[in-house]
Each structure stands twice: as C-alpha cells, then as structure tokens.
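To be precise, the following lines are work_31.cif, and they hold mmCIF, C-alpha atoms.
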```cif
data_run
loop_
_atom_site.label_atom_id
_atom_site.label_comp_id
_atom_site.auth_asym_id
_atom_site.auth_seq_id
_atom_site.Cartn_x
_atom_site.Cartn_y
_atom_site.Cartn_z
CA MET T 1 14.60 7.84 -13.35
CA LEU T 2 15.38 4.98 -11.02
CA GLY T 3 14.86 2.12 -13.45
CA VAL T 4 18.36 0.69 -12.93
CA PHE T 5 19.65 0.31 -9.40
CA ALA T 6 22.98 -0.46 -7.87
CA ALA T 7 22.50 -3.46 -5.66
CA ALA T 8 23.20 -1.58 -2.46
CA CYS T 9 21.60 -4.47 -0.66
CA SER T 10 19.39 -7.43 -1.43
CA SER T 11 15.72 -8.14 -0.83
CA ASN T 12 16.39 -11.57 0.65
CA GLY T 13 13.33 -13.72 1.17
CA THR T 14 12.11 -17.16 2.02
CA VAL T 15 9.04 -18.74 0.48
CA LYS T 16 5.98 -19.23 2.66
CA THR T 17 2.77 -21.00 1.69
CA ALA T 18 2.07 -19.97 -1.90
CA PRO T 19 -0.80 -20.46 -4.33
CA ALA T 20 -0.70 -23.50 -6.53
CA ALA T 21 1.29 -22.87 -9.72
CA THR T 22 2.98 -24.77 -12.46
CA THR T 23 6.68 -25.61 -12.25
CA ALA T 24 7.32 -23.10 -15.00
CA ALA T 25 5.45 -20.41 -13.09
CA THR T 26 7.41 -21.11 -9.92
CA THR T 27 10.66 -20.84 -11.84
CA ALA T 28 9.52 -17.59 -13.40
CA ALA T 29 8.79 -16.03 -10.02
CA THR T 30 12.27 -16.98 -8.86
CA THR T 31 14.23 -15.79 -11.88
CA GLY T 32 12.04 -13.03 -13.26
CA THR T 33 12.97 -14.07 -16.82
CA SER T 34 9.73 -15.73 -17.90
CA GLN T 35 7.69 -14.83 -20.95
CA LEU T 36 4.61 -16.42 -19.40
CA LYS T 37 1.21 -14.95 -20.13
CA GLY T 38 -2.35 -15.28 -18.95
CA LEU T 39 -3.17 -17.58 -16.05
CA ALA T 40 0.42 -18.87 -15.79
CA LEU T 41 1.74 -15.30 -15.36
CA ALA T 42 -0.90 -14.58 -12.72
CA GLN T 43 0.12 -17.72 -10.81
CA ALA T 44 3.81 -16.83 -11.07
CA ARG T 45 3.27 -13.37 -9.58
CA LEU T 46 1.37 -14.89 -6.67
CA VAL T 47 4.33 -17.17 -5.96
CA GLU T 48 6.71 -14.20 -5.91
CA PHE T 49 4.44 -12.09 -3.75
CA SER T 50 3.79 -14.89 -1.30
CA LYS T 51 7.35 -14.58 0.02
CA THR T 52 8.47 -13.32 3.38
CA LEU T 53 11.31 -10.79 3.20
CA THR T 54 13.99 -10.84 5.85
CA ASP T 55 15.84 -7.52 5.54
CA LEU T 56 14.97 -3.86 5.12
CA GLY T 57 17.09 -3.32 2.04
CA LEU T 58 19.02 -0.53 3.80
CA THR T 59 22.63 -0.71 4.97
CA GLU T 60 23.83 2.88 5.41
CA LYS T 61 23.51 4.27 8.92
CA VAL T 62 22.07 7.72 9.56
CA LYS T 63 22.22 10.23 12.40
CA ALA T 64 19.05 10.65 14.45
CA PRO T 65 19.27 13.90 16.42
CA LYS T 66 17.28 13.82 19.64
CA GLY T 67 14.45 16.26 20.11
CA LEU T 68 13.27 16.30 16.49
CA LYS T 69 9.75 17.64 15.94
CA VAL T 70 7.73 15.54 13.52
CA ALA T 71 4.43 16.69 12.00
CA TYR T 72 2.03 14.15 10.49
CA VAL T 73 -0.76 15.43 8.24
CA GLN T 74 -3.14 12.50 8.69
CA CYS T 75 -5.94 11.42 6.35
CA SER T 76 -9.39 10.46 7.60
CA VAL T 77 -9.60 6.73 6.78
CA PRO T 78 -8.68 4.05 9.36
CA VAL T 79 -5.53 2.89 7.54
CA CYS T 80 -3.95 6.30 8.23
CA GLU T 81 -4.59 5.83 11.95
CA SER T 82 -2.83 2.47 11.70
CA ILE T 83 0.18 4.13 10.04
CA LYS T 84 0.24 6.73 12.82
CA LYS T 85 0.96 3.99 15.37
CA GLY T 86 4.15 3.07 13.53
CA ILE T 87 5.14 6.72 13.22
CA ALA T 88 4.60 7.29 16.94
CA GLU T 89 6.74 4.25 17.82
CA ALA T 90 9.57 5.45 15.57
CA VAL T 91 9.43 9.02 16.89
CA ALA T 92 9.65 7.70 20.44
CA ALA T 93 12.65 5.56 19.46
CA ILE T 94 14.62 8.66 18.42
CA GLY T 95 13.48 10.73 21.39
CA GLY T 96 11.42 13.10 19.27
CA THR T 97 7.95 14.65 19.54
CA LEU T 98 5.00 14.05 17.25
CA GLN T 99 2.17 16.43 16.33
CA ILE T 100 -0.88 15.23 14.42
CA PHE T 101 -2.80 17.46 12.01
CA THR T 102 -5.94 15.65 10.86
CA THR T 103 -7.88 16.21 7.65
CA GLN T 104 -11.21 15.14 6.19
CA ASP T 105 -9.61 14.54 2.79
CA THR T 106 -11.11 17.67 1.29
CA ALA T 107 -9.21 20.57 -0.25
CA ASP T 108 -10.01 23.02 2.56
CA THR T 109 -9.22 20.65 5.45
CA VAL T 110 -5.98 19.48 3.83
CA GLN T 111 -4.89 23.08 3.22
CA ALA T 112 -5.70 24.02 6.82
CA ALA T 113 -3.85 21.02 8.26
CA PHE T 114 -0.77 21.70 6.16
CA GLN T 115 -0.72 25.36 7.10
CA ALA T 116 -0.95 24.46 10.77
CA ALA T 117 1.90 21.98 10.28
CA VAL T 118 4.06 24.70 8.69
CA GLN T 119 3.33 27.05 11.58
CA SER T 120 4.37 24.39 14.09
CA ASN T 121 7.95 24.76 12.79
CA PRO T 122 8.71 21.02 12.54
CA ASP T 123 11.92 19.28 11.56
CA MET T 124 10.09 16.98 9.12
CA VAL T 125 6.56 16.57 7.78
CA LEU T 126 4.85 13.31 6.83
CA THR T 127 1.75 13.02 4.68
CA SER T 128 -0.18 10.75 2.31
CA GLY T 129 -2.72 10.33 -0.41
CA ASN T 130 -4.30 13.68 -1.24
CA PRO T 131 -3.80 15.66 -4.47
CA ARG T 132 -0.67 17.81 -4.50
CA ALA T 133 -2.71 20.82 -5.62
CA TRP T 134 -4.43 20.90 -2.23
CA PHE T 135 -1.20 21.64 -0.34
CA GLU T 136 1.14 23.03 -3.03
CA SER T 137 1.63 26.43 -1.36
CA SER T 138 2.46 24.85 2.02
CA LEU T 139 4.82 22.41 0.33
CA ALA T 140 6.64 25.37 -1.23
CA GLU T 141 6.96 27.00 2.20
CA LEU T 142 8.40 23.83 3.71
CA ASN T 143 10.82 23.44 0.79
CA ALA T 144 11.96 27.06 1.21
CA LYS T 145 12.67 26.37 4.89
CA HIS T 146 14.55 23.15 3.96
CA ILE T 147 12.13 21.07 6.02
CA PRO T 148 11.93 17.61 4.43
CA VAL T 149 8.52 16.26 3.49
CA VAL T 150 8.09 12.50 3.25
CA GLY T 151 4.98 11.21 1.53
CA TRP T 152 3.39 7.96 0.49
CA SER T 153 0.38 7.02 -1.60
CA LEU T 154 1.05 9.92 -3.96
CA PRO T 155 0.42 9.32 -7.69
CA GLU T 156 4.04 10.13 -8.43
CA PRO T 157 7.49 8.48 -8.60
CA TYR T 158 9.66 7.49 -5.63
CA ILE T 159 11.82 10.57 -6.18
CA THR T 160 9.48 13.46 -6.92
CA LYS T 161 9.63 17.25 -6.78
CA GLY T 162 9.27 18.77 -3.33
CA PHE T 163 9.49 15.50 -1.41
CA ALA T 164 12.36 13.71 0.28
CA ALA T 165 10.70 10.50 -0.92
CA ASN T 166 7.34 9.07 -1.96
CA LEU T 167 7.36 5.69 -0.26
CA VAL T 168 4.34 4.09 -1.93
CA THR T 169 4.38 5.29 -5.52
CA GLY T 170 1.70 5.67 -8.14
CA ASP T 171 3.28 2.69 -9.88
CA ASP T 172 2.97 0.68 -6.66
CA TYR T 173 -0.76 1.32 -6.64
CA TYR T 174 -1.05 0.37 -10.29
CA PHE T 175 0.73 -2.87 -9.37
CA ASN T 176 -1.60 -3.43 -6.41
CA GLY T 177 -4.38 -3.53 -8.98
CA VAL T 178 -2.35 -5.91 -11.13
CA LEU T 179 -1.69 -8.22 -8.21
CA MET T 180 -5.33 -8.31 -7.13
CA ALA T 181 -6.33 -9.12 -10.71
CA ASP T 182 -3.76 -11.92 -10.73
CA TYR T 183 -5.22 -13.28 -7.50
CA VAL T 184 -8.79 -13.19 -8.79
CA THR T 185 -7.70 -14.83 -12.04
CA ALA T 186 -5.76 -17.60 -10.30
CA LYS T 187 -8.47 -18.35 -7.75
CA THR T 188 -11.25 -18.54 -10.36
CA GLY T 189 -9.16 -20.50 -12.85
CA GLY T 190 -9.55 -17.69 -15.37
CA LYS T 191 -13.34 -17.59 -15.06
CA ALA T 192 -13.87 -14.45 -13.00
CA ASN T 193 -16.94 -12.25 -12.82
CA ALA T 194 -15.61 -9.55 -10.51
CA LEU T 195 -17.22 -6.55 -8.83
CA PHE T 196 -14.62 -3.81 -8.17
CA LEU T 197 -15.47 -1.00 -5.72
CA ASN T 198 -13.16 2.00 -5.61
CA ILE T 199 -12.65 5.61 -4.49
CA PRO T 200 -10.76 7.40 -7.28
CA GLN T 201 -11.06 10.63 -5.27
CA PHE T 202 -7.72 9.38 -3.96
CA PRO T 203 -5.63 9.66 -7.15
CA VAL T 204 -3.57 6.55 -6.35
CA LEU T 205 -6.73 4.46 -6.12
CA GLY T 206 -7.63 5.60 -9.62
CA LEU T 207 -4.27 4.19 -10.74
CA GLU T 208 -4.98 1.00 -8.85
CA GLY T 209 -8.26 0.66 -10.71
CA ASP T 210 -6.41 1.14 -14.00
CA GLY T 211 -3.99 -1.62 -13.08
CA PHE T 212 -6.75 -4.01 -12.09
CA LYS T 213 -8.72 -3.51 -15.29
CA ALA T 214 -5.66 -3.69 -17.55
CA GLU T 215 -4.40 -6.87 -15.92
CA MET T 216 -7.78 -8.55 -16.00
CA ALA T 217 -7.94 -7.86 -19.72
CA ALA T 218 -4.41 -9.22 -20.17
CA VAL T 219 -4.50 -12.41 -18.08
CA CYS T 220 -8.18 -13.26 -17.85
CA ALA T 221 -9.55 -13.15 -21.38
CA GLY T 222 -13.31 -13.46 -21.34
CA CYS T 223 -13.62 -12.55 -17.67
CA LYS T 224 -16.11 -9.89 -16.59
CA VAL T 225 -15.44 -6.82 -14.45
CA THR T 226 -18.08 -4.43 -13.11
CA SER T 227 -16.66 -1.23 -11.57
CA LEU T 228 -18.43 1.13 -9.18
CA ASP T 229 -16.79 4.36 -7.99
CA PHE T 230 -17.54 6.30 -4.82
CA THR T 231 -16.42 9.39 -2.89
CA VAL T 232 -15.06 9.51 0.66
CA ASP T 233 -18.37 10.99 1.83
CA GLN T 234 -20.24 8.08 0.23
CA LEU T 235 -17.86 5.65 1.94
CA ILE T 236 -18.52 7.24 5.32
CA ALA T 237 -22.27 7.10 4.66
CA GLY T 238 -22.05 3.42 3.70
CA GLU T 239 -23.41 3.99 0.21
CA HIS T 240 -20.84 1.62 -1.28
CA ILE T 241 -22.35 -1.20 0.77
CA SER T 242 -25.90 -0.59 -0.40
CA ALA T 243 -24.64 -0.24 -3.99
CA ALA T 244 -22.81 -3.58 -3.71
CA VAL T 245 -25.94 -5.27 -2.37
CA SER T 246 -27.92 -3.90 -5.31
CA GLU T 247 -25.30 -5.05 -7.82
CA PHE T 248 -25.22 -8.59 -6.44
CA GLN T 249 -29.00 -8.74 -6.63
CA LYS T 250 -28.96 -7.60 -10.25
CA ASN T 251 -26.02 -9.84 -11.20
CA PRO T 252 -26.05 -13.11 -9.24
CA GLY T 253 -23.18 -14.42 -11.40
CA ILE T 254 -20.61 -12.23 -9.63
CA ASN T 255 -18.05 -14.59 -8.07
CA PHE T 256 -15.44 -12.22 -6.61
CA LEU T 257 -15.54 -8.88 -4.75
CA VAL T 258 -12.55 -6.51 -4.97
CA THR T 259 -12.17 -3.18 -3.14
CA GLY T 260 -9.72 -0.35 -3.62
CA PHE T 261 -8.59 -0.59 0.00
CA GLY T 262 -9.40 -2.61 3.07
CA ASP T 263 -11.65 -0.12 4.86
CA MET T 264 -14.24 -0.52 2.08
CA LEU T 265 -14.96 -4.08 3.24
CA LEU T 266 -15.87 -3.08 6.80
CA GLY T 267 -19.56 -3.81 7.34
CA MET T 268 -19.82 -5.68 4.04
CA PRO T 269 -20.00 -9.29 5.37
CA ASP T 270 -23.27 -8.78 7.25
CA ALA T 271 -24.84 -6.86 4.37
CA LEU T 272 -24.06 -9.54 1.80
CA SER T 273 -24.87 -12.41 4.13
CA GLY T 274 -28.26 -10.80 4.64
CA ILE T 275 -29.10 -11.34 0.97
CA GLY T 276 -27.58 -14.81 0.84
CA VAL T 277 -24.39 -13.81 -0.98
CA HIS T 278 -21.19 -15.66 -0.04
CA VAL T 279 -18.37 -14.82 -2.43
CA PRO T 280 -14.64 -14.32 -1.70
CA ALA T 281 -13.23 -10.80 -1.44
CA ILE T 282 -9.80 -9.21 -1.68
CA SER T 283 -8.64 -5.70 -0.80
CA GLN T 284 -5.36 -3.84 -0.46
CA ALA T 285 -3.87 -1.98 2.51
CA GLY T 286 -5.98 -3.87 5.01
CA THR T 287 -5.94 -3.18 8.75
CA PRO T 288 -6.36 -5.63 11.64
CA ALA T 289 -10.12 -5.41 11.06
CA ASN T 290 -9.54 -6.98 7.64
CA TYR T 291 -7.17 -9.60 9.03
CA GLN T 292 -9.83 -10.62 11.53
CA MET T 293 -12.31 -11.10 8.67
CA ILE T 294 -9.77 -13.22 6.79
CA THR T 295 -8.96 -15.45 9.77
CA ALA T 296 -12.66 -15.79 10.65
CA GLY T 297 -13.58 -16.76 7.09
CA SER T 298 -15.97 -13.81 6.93
CA LEU T 299 -16.14 -12.79 3.23
CA GLN T 300 -12.55 -11.60 2.86
CA VAL T 301 -9.98 -14.21 1.85
CA ALA T 302 -6.88 -12.13 1.03
CA ASP T 303 -5.26 -8.71 1.19
CA ALA T 304 -2.56 -7.07 -0.92
CA ALA T 305 -0.94 -6.04 2.30
CA LEU T 306 0.59 -2.73 3.29
CA PRO T 307 2.82 -2.98 6.39
CA THR T 308 1.42 0.10 8.11
CA GLY T 309 3.70 -0.09 11.13
CA LEU T 310 6.83 -0.59 9.06
CA LEU T 311 5.74 2.24 6.75
CA GLY T 312 5.66 4.59 9.73
CA TRP T 313 9.22 3.64 10.65
CA ARG T 314 10.38 3.85 7.04
CA ALA T 315 8.90 7.37 6.78
CA ILE T 316 10.92 8.51 9.79
CA ASP T 317 14.01 6.83 8.32
CA ALA T 318 13.57 8.67 5.01
CA GLY T 319 13.13 11.96 6.89
CA LEU T 320 16.29 11.37 8.90
CA ARG T 321 18.24 10.65 5.72
CA ALA T 322 16.94 13.87 4.15
CA ILE T 323 17.99 15.89 7.21
CA ALA T 324 21.46 14.28 7.02
CA GLY T 325 21.72 14.97 3.28
CA GLN T 326 21.68 11.27 2.39
CA ASP T 327 19.94 9.39 -0.39
CA PRO T 328 16.60 7.89 0.80
CA GLY T 329 17.79 4.44 -0.28
CA LYS T 330 18.08 2.37 -3.44
CA PHE T 331 16.44 -1.03 -3.65
CA VAL T 332 16.62 -4.10 -5.85
CA LYS T 333 13.48 -4.54 -7.96
CA ARG T 334 11.35 -7.61 -7.32
CA PRO T 335 10.95 -10.21 -10.07
CA LEU T 336 7.93 -9.91 -12.35
CA THR T 337 7.49 -6.19 -11.71
CA ASP T 338 8.72 -4.98 -15.11
CA ILE T 339 5.61 -3.40 -16.59
CA ALA T 340 5.94 -0.90 -19.43
CA GLY T 341 5.37 2.66 -18.32
CA HIS T 342 5.62 1.81 -14.61
CA PRO T 343 9.30 1.81 -13.56
CA ASP T 344 8.75 2.61 -9.88
CA ILE T 345 7.09 -0.61 -8.74
CA ALA T 346 8.39 -1.95 -5.39
CA ILE T 347 11.52 0.23 -5.30
CA ALA T 348 10.94 2.45 -2.26
CA GLY T 349 11.62 -0.01 0.54
CA VAL T 350 8.03 -0.81 1.56
CA PRO T 351 7.34 -4.55 1.18
CA LEU T 352 4.26 -5.97 -0.53
CA ALA T 353 2.70 -9.42 -0.23
CA ILE T 354 -0.57 -11.23 -0.68
CA LEU T 355 -1.80 -12.36 2.75
CA GLU T 356 -4.21 -15.23 3.26
CA LYS T 357 -5.47 -16.88 6.43
CA GLY T 358 -2.37 -19.03 6.97
CA ASP T 359 -0.07 -16.00 6.73
CA ILE T 360 -1.66 -14.03 9.57
CA VAL T 361 -0.14 -14.84 12.96
CA ASP T 362 -1.95 -12.19 15.01
CA PRO T 363 -5.02 -10.67 13.35
CA THR T 364 -5.24 -7.93 15.98
CA THR T 365 -2.02 -6.26 14.81
CA SER T 366 -0.81 -4.83 11.53
CA TRP T 367 1.19 -7.01 9.15
CA PRO T 368 4.89 -6.60 10.10
CA ALA T 369 6.25 -7.68 6.66
CA ILE T 370 9.75 -8.11 8.14
CA LYS T 371 10.20 -9.76 11.51
CA GLY T 372 11.83 -7.43 14.02
CA TYR T 373 11.84 -4.44 11.67
CA GLN T 374 11.86 -2.03 14.63
CA ASP T 375 15.20 -3.31 15.88
CA LYS T 376 16.57 -3.35 12.33
CA PHE T 377 15.75 0.35 11.92
CA LYS T 378 17.16 1.16 15.36
CA ALA T 379 20.43 -0.52 14.36
CA LEU T 380 20.70 1.94 11.46
CA TRP T 381 19.90 5.04 13.51
CA VAL T 382 22.78 6.70 15.38
CA LEU T 383 21.24 8.74 18.19
CA SER T 384 22.94 12.06 18.81
#
```

As a first step, turn the structure in this file into structure tokens.
Amino acid sequence: MLGVFAAACSSNGTVKTAPAATTAATTAATTGTSQLKGLALAQARLVEFSKTLTDLGLTEKVKAPKGLKVAYVQCSVPVCESIKKGIAEAVAAIGGTLQIFTTQDTADTVQAAFQAAVQSNPDMVLTSGNPRAWFESSLAELNAKHIPVVGWSLPEPYITKGFAANLVTGDDYYFNGVLMADYVTAKTGGKANALFLNIPQFPVLGLEGDGFKAEMAAVCAGCKVTSLDFTVDQLIAGEHISAAVSEFQKNPGINFLVTGFGDMLLGMPDALSGIGVHVPAISQAGTPANYQMITAGSLQVADAALPTGLLGWRAIDAGLRAIAGQDPGKFVKRPLTDIAGHPDIAIAGVPLAILEKGDIVDPTTSWPAIKGYQDKFKALWVLS
C-alpha cells in the first residue's frame, strides 16, 4: 500500500563506527543499488544500520489541544515500561493526562484492560503487541466513537484497519530478524552455529523468527540454527534460561546466542558463566539493562535497538495527527530494505540501528536514536 513514497522529508544520517565491510558493501549500503549476496550483503546492511539519523522525517506541524486524555494499554514485559516513560514525557509536554491500563499479555487481561480504557473516555488510546482478536470488540467501540488508536508491534502494515497507525510493523519485526542474522553472519565470518530463543506468543516475534531463519539460510550457507520457543509464563519463570543452559551443554559448538527481544537475556550471563560458556549474544528492543550488559562486556555484544523513548513521543504525535485529520506521516525507505513480500520495513518513522559498546553513551537510559528528538517533536506541536 505504501511501497512508493513521496519524499516529504529525508532520513538524513551520518555514519558512526560501523562493522568492517568491503568497499563494494559500503557503496551498496549508501546507494541501495547493490546485487550483493551472502556475507557481503550482510556486511552492507550492517554499514547502513550503523548510521545515526539526524531528523525525525516529519515536517508538517500539528495542533496539540491541551487537556487531552491519553490511555495506554501496557504489556507486561519491561520494554513496555520503558516505552511508557517516553509516553509520559510527551503527554506532559502537551499538557495532557495519562492513564495506564496494565495487562498480563493474556486474552482475558488484555480484554479487561481495553474495556477499562474505553470506559475512561479517552481522546486517544495507545497499545502494543498482543493479537488483535483479544481486543477486537473494544477496538470497534473506539472506532465508533472516533477515538484514534495508535499501536506498535502489531503483525500488520503501517496503515491498518482500525488504527491511526502501526508504528513498528510486522515487516519491521521480520527485518529485525534479518538484521540479527546479518550481524551473526558477519561476526562469525559465515561460520555461525546459533541458538535462537523466542516467544512467538507475541505474533510479531514469530515474524522476527521467520526473518532470522530465512536470512540465515540466504546469507550464511552451511551455518546452523537451533530454535527454542517459549511462552510469556515460561519467560517469567526463567525456563528459557534453564533450557539455554541445557542446550549449550548438549551442543558445545554453539558460538552465538540470539533472543527475540532484550528482556530474554536478563539473568542469562550468570547462568551461562556458571557452566563455563562465554559466547556473544544479540537481541532486539533492548532496555538499559541490556545496554549495561553490552558496555560491561557481559555476554551481550549488540542490540537491534528500539528507541523506546522516541517511540512514546512518536505515538503521541501519530495520535495528534489522527485527531487533527492529518496523515500519520510518509517516510523515505532506508537502503537495503527491499525484501519481497515485506513492503513496510522502516517506513513508520521509528529508527532502527545495531548498537554495540562504542555506540552507547549512557547505558542507564534508553537509546535516543535522534539527538534532541523531544525538542524536535515539540517544534512540530502547536499547543492550543
């Protein structure tokens, strides 16, 4: 639907420290015209996604009426708490009020939280991650009342039925898997034996797993991938950690650990160190806890980063544009993101980058992605 975009604005960037790559791969990441394959393609993508962006990709101003009531249906994993901090900052910036409706990422708790959000009579609703079927009736009520709903981490396109916008698309998650596979391939020189831990209970993480496996097969011929799937309850109980320990003991040749999202690595360093395992790990959507592991050299070496604070501000921005009857924004596609069947990669205005130790300035805070993004959003919002 949104495969071809008017260049309403650019995604300007400057290159920071990037993985080693051939001259041809570097050129490919800059121009996006390469026909590279295998290890060279993996290296080229790492060059492109080791850039620092400098603008939001939005130019049109939008009214921000004071006193807006914002409802956030919040998932149970730590990354959602990190996103809440950005939402709260943005709501305060427009002089609004924020209500939180927490879930345990089960059908009944999601339904209950959404119904409570509807009854709170908000001006916009924000949510993430859970299957649409769990809140379909509440979504219909909100749509009937013309209350915009902004989502992210839904296994759907950027523009999708019932939502003002889906800011981290299903295709984005597929690409997160691709990018992690590229990283593993590049760092092992095409000789990976990877253990991938995931929670496909979140539909987008199932897509991420698909992307990882497909890309490993495409760029790392002969590499090995072992996949283990878990539920949220198993994550909370720490069963993924004991399963990883068991797998490393059975297969001492594993040379890279990959997890569906950053929270899955919490507690893992001590467990693996206890059995004498010291392999690198990568996740996506890490929080400051992951950044502290990266900077300390404790198991994790990289993260396919989600700017949780910026995402909170972008969600409020998309809600304001829906209230004003404006388009949520059109964005220039990044180079090397043209993958057949996945047109909505990196088109919703939420930056993506691979972070390593040298890229993390303050490991106690979320990755900002764009320096001063708060002031950049404020400059677009006309308070009324």

Which residues are close to T:Ala117, i.e. within 10 Å by all atoms listed in the file, leaving aside same-chain residues fewer than 6 positions away? Reply as a PDB file with C-alpha atoms, in the frame of the given file.
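Result went into out-v2.pdb, see below:
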```pdb
ATOM      1  CA  VAL T  70       7.730  15.540  13.520  1.00  0.00           C
ATOM      2  CA  ALA T  71       4.430  16.690  12.000  1.00  0.00           C
ATOM      3  CA  TYR T  72       2.030  14.150  10.490  1.00  0.00           C
ATOM      4  CA  VAL T  73      -0.760  15.430   8.240  1.00  0.00           C
ATOM      5  CA  GLN T  99       2.170  16.430  16.330  1.00  0.00           C
ATOM      6  CA  ILE T 100      -0.880  15.230  14.420  1.00  0.00           C
ATOM      7  CA  PHE T 101      -2.800  17.460  12.010  1.00  0.00           C
ATOM      8  CA  GLN T 111      -4.890  23.080   3.220  1.00  0.00           C
ATOM      9  CA  MET T 124      10.090  16.980   9.120  1.00  0.00           C
ATOM     10  CA  VAL T 125       6.560  16.570   7.780  1.00  0.00           C
ATOM     11  CA  LEU T 126       4.850  13.310   6.830  1.00  0.00           C
ATOM     12  CA  SER T 138       2.460  24.850   2.020  1.00  0.00           C
ATOM     13  CA  LEU T 142       8.400  23.830   3.710  1.00  0.00           C
TER      14      LEU T 142
END
```

Apply the PyMOL selection byres ((chain T and resi 278) around 12) to the file shown and report the selected residues as a PyMOL selection string. chain T and resi 245+248+252-257+268-277+279-281+297-301

How would the residues just chosen look if you wrote them out with C-alpha atoms as a PDB file, keeping the file's coordinate frame?
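Result file is part.pdb:
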```pdb
ATOM      1  CA  VAL T 245     -25.940  -5.270  -2.370  1.00  0.00           C
ATOM      2  CA  PHE T 248     -25.220  -8.590  -6.440  1.00  0.00           C
ATOM      3  CA  PRO T 252     -26.050 -13.110  -9.240  1.00  0.00           C
ATOM      4  CA  GLY T 253     -23.180 -14.420 -11.400  1.00  0.00           C
ATOM      5  CA  ILE T 254     -20.610 -12.230  -9.630  1.00  0.00           C
ATOM      6  CA  ASN T 255     -18.050 -14.590  -8.070  1.00  0.00           C
ATOM      7  CA  PHE T 256     -15.440 -12.220  -6.610  1.00  0.00           C
ATOM      8  CA  LEU T 257     -15.540  -8.880  -4.750  1.00  0.00           C
ATOM      9  CA  MET T 268     -19.820  -5.680   4.040  1.00  0.00           C
ATOM     10  CA  PRO T 269     -20.000  -9.290   5.370  1.00  0.00           C
ATOM     11  CA  ASP T 270     -23.270  -8.780   7.250  1.00  0.00           C
ATOM     12  CA  ALA T 271     -24.840  -6.860   4.370  1.00  0.00           C
ATOM     13  CA  LEU T 272     -24.060  -9.540   1.800  1.00  0.00           C
ATOM     14  CA  SER T 273     -24.870 -12.410   4.130  1.00  0.00           C
ATOM     15  CA  GLY T 274     -28.260 -10.800   4.640  1.00  0.00           C
ATOM     16  CA  ILE T 275     -29.100 -11.340   0.970  1.00  0.00           C
ATOM     17  CA  GLY T 276     -27.580 -14.810   0.840  1.00  0.00           C
ATOM     18  CA  VAL T 277     -24.390 -13.810  -0.980  1.00  0.00           C
ATOM     19  CA  VAL T 279     -18.370 -14.820  -2.430  1.00  0.00           C
ATOM     20  CA  PRO T 280     -14.640 -14.320  -1.700  1.00  0.00           C
ATOM     21  CA  ALA T 281     -13.230 -10.800  -1.440  1.00  0.00           C
ATOM     22  CA  GLY T 297     -13.580 -16.760   7.090  1.00  0.00           C
ATOM     23  CA  SER T 298     -15.970 -13.810   6.930  1.00  0.00           C
ATOM     24  CA  LEU T 299     -16.140 -12.790   3.230  1.00  0.00           C
ATOM     25  CA  GLN T 300     -12.550 -11.600   2.860  1.00  0.00           C
ATOM     26  CA  VAL T 301      -9.980 -14.210   1.850  1.00  0.00           C
TER      27      VAL T 301
END
```

On this file, the PyMOL selection byres ((chain T and resi 93-97) around 10) gives some set of residues; write that set as number ranges by chain. T: 63-71, 87-92, 98-99, 122-123, 313, 316, 374-375, 377-378, 381-384

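The residue that comes closest to T:Thr308, out of T:Thr109, T:Thr295, T:Gln35, T:Gln284 and on the basis of all atoms listed in the file, is T:Gln284.
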
Just give me the gap between atom CA of T:Ile241 and atom CA of T:Ala289 in Å, one decimal is fine.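 It comes out at 16.5 Å.
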
Restricting the calculation to only C-alpha atoms, which member of T:Trp134, T:Trp367, T:Tyr183, T:Phe175 is positioned closest to T:Asp210?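 Answer, going by the shortest atom-to-atom distance: T:Phe175.
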
Using all atoms listed in the file, which protein or nucleic acid residues come within 10 Å of T:Ile370? Drop anything in the same chain fewer than 3 positions from it, and give the result as a PyMOL selection string. chain T and resi 13+52-56+307+310+350-351+367+373-374+376

Name the residues within 8 Å of (-2.9, 0.6, -6.1), counting all atoms listed in the file in the file's coordinates, and put them as a list in words. Gly170, Asp171, Asp172, Tyr173, Tyr174, Phe175, Asn176, Gly177, Val204, Leu205, Gly206, Leu207, Glu208, Gly209, Gly211, Gly260 and Gln284 of chain T

Please produce an output containing C-alpha atoms for each residue in the selection, written as a CSV table (one decimal), in the coordinates of the input.
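Listed below is the output, part-v8.csv:
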```csv
chain,number,residue,atom,x,y,z
T,170,GLY,CA,1.7,5.7,-8.1
T,171,ASP,CA,3.3,2.7,-9.9
T,172,ASP,CA,3.0,0.7,-6.7
T,173,TYR,CA,-0.8,1.3,-6.6
T,174,TYR,CA,-1.0,0.4,-10.3
T,175,PHE,CA,0.7,-2.9,-9.4
T,176,ASN,CA,-1.6,-3.4,-6.4
T,177,GLY,CA,-4.4,-3.5,-9.0
T,204,VAL,CA,-3.6,6.6,-6.4
T,205,LEU,CA,-6.7,4.5,-6.1
T,206,GLY,CA,-7.6,5.6,-9.6
T,207,LEU,CA,-4.3,4.2,-10.7
T,208,GLU,CA,-5.0,1.0,-8.8
T,209,GLY,CA,-8.3,0.7,-10.7
T,211,GLY,CA,-4.0,-1.6,-13.1
T,260,GLY,CA,-9.7,-0.4,-3.6
T,284,GLN,CA,-5.4,-3.8,-0.5
```

Calculated over all atoms listed in the file, which of the candidates T:Thr59, T:Ser50, T:Ala322, T:Val77 has the smallest distance to T:Asp303?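 Checking each candidate against T:Asp303, we get T:Ser50 as the closest.
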
Counting only C-alpha atoms, figure out which residue out of T:Phe212, T:Tyr291, T:Phe196, T:Phe135 gets nearest to T:Pro363.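 Among T:Phe212, T:Tyr291, T:Phe196, T:Phe135, it is T:Tyr291 that comes nearest to T:Pro363.
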
Determine the residue set returned by the PyMOL selection byres ((chain T and resi 150) around 8) for the present structure, and present it as a PDB file with C-alpha atoms, in the coordinates of the input.
```pdb
ATOM      1  CA  MET T 124      10.090  16.980   9.120  1.00  0.00           C
ATOM      2  CA  VAL T 125       6.560  16.570   7.780  1.00  0.00           C
ATOM      3  CA  LEU T 126       4.850  13.310   6.830  1.00  0.00           C
ATOM      4  CA  THR T 127       1.750  13.020   4.680  1.00  0.00           C
ATOM      5  CA  PRO T 148      11.930  17.610   4.430  1.00  0.00           C
ATOM      6  CA  VAL T 149       8.520  16.260   3.490  1.00  0.00           C
ATOM      7  CA  GLY T 151       4.980  11.210   1.530  1.00  0.00           C
ATOM      8  CA  TRP T 152       3.390   7.960   0.490  1.00  0.00           C
ATOM      9  CA  PHE T 163       9.490  15.500  -1.410  1.00  0.00           C
ATOM     10  CA  ALA T 164      12.360  13.710   0.280  1.00  0.00           C
ATOM     11  CA  ALA T 165      10.700  10.500  -0.920  1.00  0.00           C
ATOM     12  CA  ASN T 166       7.340   9.070  -1.960  1.00  0.00           C
ATOM     13  CA  LEU T 167       7.360   5.690  -0.260  1.00  0.00           C
ATOM     14  CA  ALA T 315       8.900   7.370   6.780  1.00  0.00           C
ATOM     15  CA  ALA T 318      13.570   8.670   5.010  1.00  0.00           C
ATOM     16  CA  GLY T 319      13.130  11.960   6.890  1.00  0.00           C
TER      17      GLY T 319
END
```

Just checking: using all atoms listed in the file, which residue out of T:Ala346, T:Ala379, T:Leu228, T:Ala304 ends up closest to T:Ser242?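 Closest to T:Ser242, using all atoms listed in the file: T:Leu228.
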